[in-house]
$ cat model_7.pdb   # PDB, C-alpha atoms, pLDDT in the B column
ATOM      1  CA  MET G  15     144.513  22.215 -94.396  1.00 46.00           C
ATOM      2  CA  LEU G  16     143.796  21.515 -98.060  1.00 47.00           C
ATOM      3  CA  MET G  17     147.490  20.869 -98.661  1.00 50.00           C
ATOM      4  CA  ILE G  18     147.525  17.612 -96.682  1.00 54.00           C
ATOM      5  CA  PRO G  19     144.865  15.834 -98.767  1.00 52.00           C
ATOM      6  CA  ARG G  20     146.668  16.863-101.969  1.00 51.00           C
ATOM      7  CA  ILE G  21     149.899  15.385-100.662  1.00 51.00           C
ATOM      8  CA  LEU G  22     148.106  12.202 -99.686  1.00 48.00           C
ATOM      9  CA  MET G  23     146.685  11.959-103.198  1.00 50.00           C
ATOM     10  CA  LEU G  24     150.230  11.985-104.588  1.00 49.00           C
ATOM     11  CA  LEU G  25     151.417   9.060-102.458  1.00 48.00           C
ATOM     12  CA  PRO G  26     149.877   6.325-104.645  1.00 50.00           C
ATOM     13  CA  ILE G  27     151.423   7.944-107.710  1.00 46.00           C
ATOM     14  CA  LEU G  28     154.832   8.103-106.072  1.00 47.00           C
ATOM     15  CA  PHE G  29     154.452   4.544-104.825  1.00 51.00           C
ATOM     16  CA  GLY G  30     153.527   3.383-108.299  1.00 48.00           C
ATOM     17  CA  LEU G  31     156.617   5.021-109.780  1.00 42.00           C
ATOM     18  CA  ALA G  32     158.858   3.426-107.182  1.00 46.00           C
ATOM     19  CA  GLN G  33     157.271   0.059-107.841  1.00 46.00           C
ATOM     20  CA  ALA G  34     157.677   0.403-111.600  1.00 42.00           C
ATOM     21  CA  GLU G  35     161.383   1.147-111.204  1.00 49.00           C
ATOM     22  CA  ALA G  36     161.853  -1.852-108.934  1.00 58.00           C
ATOM     23  CA  ALA G  37     161.488  -4.433-111.695  1.00 72.00           C
ATOM     24  CA  SER G  38     161.600  -4.452-115.485  1.00 82.00           C
ATOM     25  CA  ASP G  39     158.960  -6.057-117.683  1.00 84.00           C
ATOM     26  CA  ASP G  40     161.325  -8.969-118.345  1.00 88.00           C
ATOM     27  CA  GLN G  41     161.862  -9.472-114.628  1.00 88.00           C
ATOM     28  CA  LEU G  42     158.135  -9.429-113.916  1.00 90.00           C
ATOM     29  CA  ALA G  43     157.515 -11.850-116.803  1.00 93.00           C
ATOM     30  CA  ALA G  44     160.103 -14.253-115.367  1.00 93.00           C
ATOM     31  CA  ILE G  45     158.397 -14.148-111.957  1.00 92.00           C
ATOM     32  CA  ARG G  46     154.989 -14.699-113.557  1.00 94.00           C
ATOM     33  CA  ALA G  47     156.312 -17.674-115.528  1.00 95.00           C
ATOM     34  CA  LEU G  48     157.619 -19.325-112.377  1.00 95.00           C
ATOM     35  CA  GLY G  49     154.351 -18.542-110.581  1.00 94.00           C
ATOM     36  CA  SER G  50     152.409 -20.239-113.373  1.00 95.00           C
ATOM     37  CA  LEU G  51     154.618 -23.300-113.202  1.00 96.00           C
ATOM     38  CA  ASN G  52     154.323 -23.336-109.429  1.00 95.00           C
ATOM     39  CA  GLY G  53     150.523 -23.473-109.719  1.00 94.00           C
ATOM     40  CA  VAL G  54     150.815 -26.504-111.986  1.00 95.00           C
ATOM     41  CA  ALA G  55     153.333 -28.126-109.640  1.00 95.00           C
ATOM     42  CA  LEU G  56     150.978 -27.645-106.693  1.00 93.00           C
ATOM     43  CA  HIS G  57     148.022 -29.104-108.563  1.00 94.00           C
ATOM     44  CA  CYS G  58     150.047 -32.077-109.817  1.00 93.00           C
ATOM     45  CA  GLY G  59     151.593 -32.812-106.419  1.00 92.00           C
ATOM     46  CA  ARG G  60     155.131 -32.048-107.533  1.00 94.00           C
ATOM     47  CA  LEU G  61     156.161 -30.548-104.232  1.00 93.00           C
ATOM     48  CA  ASP G  62     159.845 -31.069-104.993  1.00 93.00           C
ATOM     49  CA  GLN G  63     159.432 -28.628-107.874  1.00 94.00           C
ATOM     50  CA  THR G  64     157.529 -26.069-105.776  1.00 94.00           C
ATOM     51  CA  GLN G  65     160.380 -26.155-103.275  1.00 95.00           C
ATOM     52  CA  ARG G  66     162.921 -25.786-106.064  1.00 94.00           C
ATOM     53  CA  ILE G  67     161.098 -22.788-107.551  1.00 95.00           C
ATOM     54  CA  LYS G  68     160.725 -21.052-104.204  1.00 93.00           C
ATOM     55  CA  GLN G  69     164.370 -21.646-103.317  1.00 94.00           C
ATOM     56  CA  VAL G  70     165.486 -20.005-106.563  1.00 92.00           C
ATOM     57  CA  LEU G  71     163.208 -17.020-105.929  1.00 91.00           C
ATOM     58  CA  VAL G  72     164.431 -16.559-102.368  1.00 90.00           C
ATOM     59  CA  LEU G  73     168.054 -16.712-103.441  1.00 88.00           C
ATOM     60  CA  ARG G  74     167.739 -14.587-106.583  1.00 85.00           C
ATOM     61  CA  LEU G  75     165.068 -11.912-106.098  1.00 83.00           C
ATOM     62  CA  PRO G  76     165.469  -8.687-104.168  1.00 83.00           C
ATOM     63  CA  LYS G  77     163.485  -8.804-100.951  1.00 84.00           C
ATOM     64  CA  GLN G  78     160.420  -6.838-102.078  1.00 83.00           C
ATOM     65  CA  ARG G  79     156.932  -7.651-100.975  1.00 87.00           C
ATOM     66  CA  GLN G  80     155.394  -6.774-104.356  1.00 89.00           C
ATOM     67  CA  LEU G  81     157.497  -9.400-106.123  1.00 87.00           C
ATOM     68  CA  GLY G  82     156.380 -12.101-103.706  1.00 87.00           C
ATOM     69  CA  GLU G  83     152.773 -11.020-104.063  1.00 91.00           C
ATOM     70  CA  LEU G  84     153.060 -11.173-107.847  1.00 90.00           C
ATOM     71  CA  PHE G  85     154.426 -14.718-107.622  1.00 92.00           C
ATOM     72  CA  ASP G  86     151.638 -15.783-105.231  1.00 93.00           C
ATOM     73  CA  TYR G  87     148.960 -14.188-107.402  1.00 95.00           C
ATOM     74  CA  GLN G  88     150.254 -15.934-110.514  1.00 93.00           C
ATOM     75  CA  THR G  89     150.494 -19.242-108.644  1.00 94.00           C
ATOM     76  CA  ASN G  90     146.854 -19.003-107.535  1.00 94.00           C
ATOM     77  CA  LYS G  91     145.701 -17.928-110.997  1.00 94.00           C
ATOM     78  CA  SER G  92     147.525 -20.834-112.627  1.00 93.00           C
ATOM     79  CA  PHE G  93     146.261 -23.351-110.070  1.00 94.00           C
ATOM     80  CA  MET G  94     142.640 -22.313-110.593  1.00 94.00           C
ATOM     81  CA  ALA G  95     142.978 -22.197-114.393  1.00 93.00           C
ATOM     82  CA  PHE G  96     144.414 -25.713-114.338  1.00 91.00           C
ATOM     83  CA  ILE G  97     141.340 -26.965-112.498  1.00 90.00           C
ATOM     84  CA  ASN G  98     138.810 -24.952-114.524  1.00 93.00           C
ATOM     85  CA  ASP G  99     140.313 -26.016-117.852  1.00 92.00           C
ATOM     86  CA  ASN G 100     140.496 -29.693-116.824  1.00 89.00           C
ATOM     87  CA  ARG G 101     144.147 -29.864-117.808  1.00 91.00           C
ATOM     88  CA  VAL G 102     146.267 -32.983-117.471  1.00 92.00           C
ATOM     89  CA  CYS G 103     149.526 -32.938-115.531  1.00 94.00           C
ATOM     90  CA  PRO G 104     152.516 -32.812-117.866  1.00 93.00           C
ATOM     91  CA  PRO G 105     155.091 -35.619-117.930  1.00 95.00           C
ATOM     92  CA  ALA G 106     157.767 -35.106-115.268  1.00 93.00           C
ATOM     93  CA  GLU G 107     160.622 -34.725-117.751  1.00 94.00           C
ATOM     94  CA  THR G 108     158.794 -32.126-119.837  1.00 94.00           C
ATOM     95  CA  PHE G 109     157.717 -30.222-116.745  1.00 94.00           C
ATOM     96  CA  ASN G 110     161.235 -30.229-115.291  1.00 95.00           C
ATOM     97  CA  GLN G 111     162.574 -28.824-118.571  1.00 96.00           C
ATOM     98  CA  GLN G 112     159.968 -26.052-118.482  1.00 96.00           C
ATOM     99  CA  ILE G 113     161.065 -25.162-114.969  1.00 96.00           C
ATOM    100  CA  ASP G 114     164.744 -25.264-115.980  1.00 96.00           C
ATOM    101  CA  THR G 115     164.017 -22.842-118.820  1.00 96.00           C
ATOM    102  CA  ALA G 116     162.021 -20.501-116.579  1.00 96.00           C
ATOM    103  CA  ILE G 117     164.781 -20.518-113.946  1.00 95.00           C
ATOM    104  CA  ASP G 118     167.389 -19.765-116.606  1.00 94.00           C
ATOM    105  CA  LYS G 119     165.323 -16.773-117.764  1.00 95.00           C
ATOM    106  CA  LEU G 120     164.938 -15.531-114.193  1.00 94.00           C
ATOM    107  CA  ASN G 121     168.672 -15.850-113.614  1.00 92.00           C
ATOM    108  CA  ALA G 122     169.367 -13.966-116.847  1.00 91.00           C
ATOM    109  CA  VAL G 123     167.220 -10.981-115.885  1.00 89.00           C
ATOM    110  CA  TYR G 124     168.299 -10.916-112.237  1.00 83.00           C
ATOM    111  CA  LEU G 125     172.054 -11.044-112.593  1.00 78.00           C
ATOM    112  CA  LYS G 126     173.927 -10.741-109.329  1.00 55.00           C
ATOM    113  CA  PRO G 127     176.215  -7.673-109.240  1.00 49.00           C
TER
END
$ encode --input "model_7.pdb" --output "structure tokens"
Amino acid sequence: MLMIPRILMLLPILFGLAQAEAASDDQLAAIRALGSLNGVALHCGRLDQTQRIKQVLVLRLPKQRQLGELFDYQTNKSFMAFINDNRVCPPAETFNQQIDTAIDKLNAVYLKP
């Protein structure tokens, strides 16, 4: 009887190890960067850029829930920080270049086999 609770206690540890192996730090950083830019795009009404970012993620990332949740979390965090810090929307050209750079980094760390 005591064996079952011990096994259940190990599940989060095993899950954490599997999750850590799923993506490198560079891969997670690339997802966070795009999430941050997506939050800015949402706040600034640049829906064409949000669509572009999401399309790249759908095409490039492995289909793992945790990666999508990380992107959503970073998007929400960025959106709220933008409001709280009273930031000004960046010029379109500058913002597009930031997104291009972030997409290039994502593509570099998620090379297709």
$ atom_distance --input "model_7.pdb" --atom1 "atom CA of G:Leu84" --atom2 "atom CA of G:Ala43"
10.0 Å
$ residues_around --input "model_7.pdb" --residues "G:Asn52" --least-positions-apart "5" --cutoff "10 Å" --atoms "all atoms listed in the file" --output "JSON, numbers by chain"
{"G": [46, 47, 57, 58, 60, 61, 63, 64, 65, 66, 67, 68, 85, 86, 88, 89, 90, 92, 93, 113]}
$ closest_residue --input "model_7.pdb" --among "G:Ala44, G:Leu71, G:Ala37, G:Leu81" --to "G:Leu120" --atoms "only C-alpha atoms"
G:Ala44
$ atom_distance --input "model_7.pdb" --atom1 "atom CA of G:Leu125" --atom2 "atom CA of G:Lys91"
27.3 Å
$ residues_around --input "model_7.pdb" --residues "G:Phe109" --least-positions-apart "2" --cutoff "12 Å" --atoms "all atoms listed in the file" --output "tab-separated table (two decimals) with C-alpha atoms, in the coordinates of the input"
chain	number	residue	atom	x	y	z
G	48	LEU	CA	157.62	-19.32	-112.38
G	50	SER	CA	152.41	-20.24	-113.37
G	51	LEU	CA	154.62	-23.30	-113.20
G	52	ASN	CA	154.32	-23.34	-109.43
G	54	VAL	CA	150.82	-26.50	-111.99
G	55	ALA	CA	153.33	-28.13	-109.64
G	58	CYS	CA	150.05	-32.08	-109.82
G	60	ARG	CA	155.13	-32.05	-107.53
G	62	ASP	CA	159.84	-31.07	-104.99
G	63	GLN	CA	159.43	-28.63	-107.87
G	64	THR	CA	157.53	-26.07	-105.78
G	102	VAL	CA	146.27	-32.98	-117.47
G	103	CYS	CA	149.53	-32.94	-115.53
G	104	PRO	CA	152.52	-32.81	-117.87
G	105	PRO	CA	155.09	-35.62	-117.93
G	106	ALA	CA	157.77	-35.11	-115.27
G	107	GLU	CA	160.62	-34.72	-117.75
G	111	GLN	CA	162.57	-28.82	-118.57
G	112	GLN	CA	159.97	-26.05	-118.48
G	113	ILE	CA	161.06	-25.16	-114.97
G	114	ASP	CA	164.74	-25.26	-115.98
G	115	THR	CA	164.02	-22.84	-118.82
G	116	ALA	CA	162.02	-20.50	-116.58
$ atom_distance --input "model_7.pdb" --atom1 "atom CA of G:Ile97" --atom2 "atom CA of G:Glu83"
21.4 Å
$ closest_residue --input "model_7.pdb" --among "G:Ala122, G:Met94, G:Val70, G:Ile45" --to "G:Gly82" --atoms "only C-alpha atoms"
G:Ile45
$ axis_aligned_box --input "model_7.pdb" --around "stretch 38-51 of chain G" --padding-each-side "4 Å" --output "AutoDock Vina command-line options"
--center_x 157.1 --center_y -13.9 --center_z -114.5 --size_x 17.5 --size_y 26.8 --size_z 15.8
$ closest_residue --input "model_7.pdb" --among "G:Tyr87, G:Arg101, G:Gln69, G:Arg74" --to "G:Val123" --atoms "only C-alpha atoms"
G:Arg74
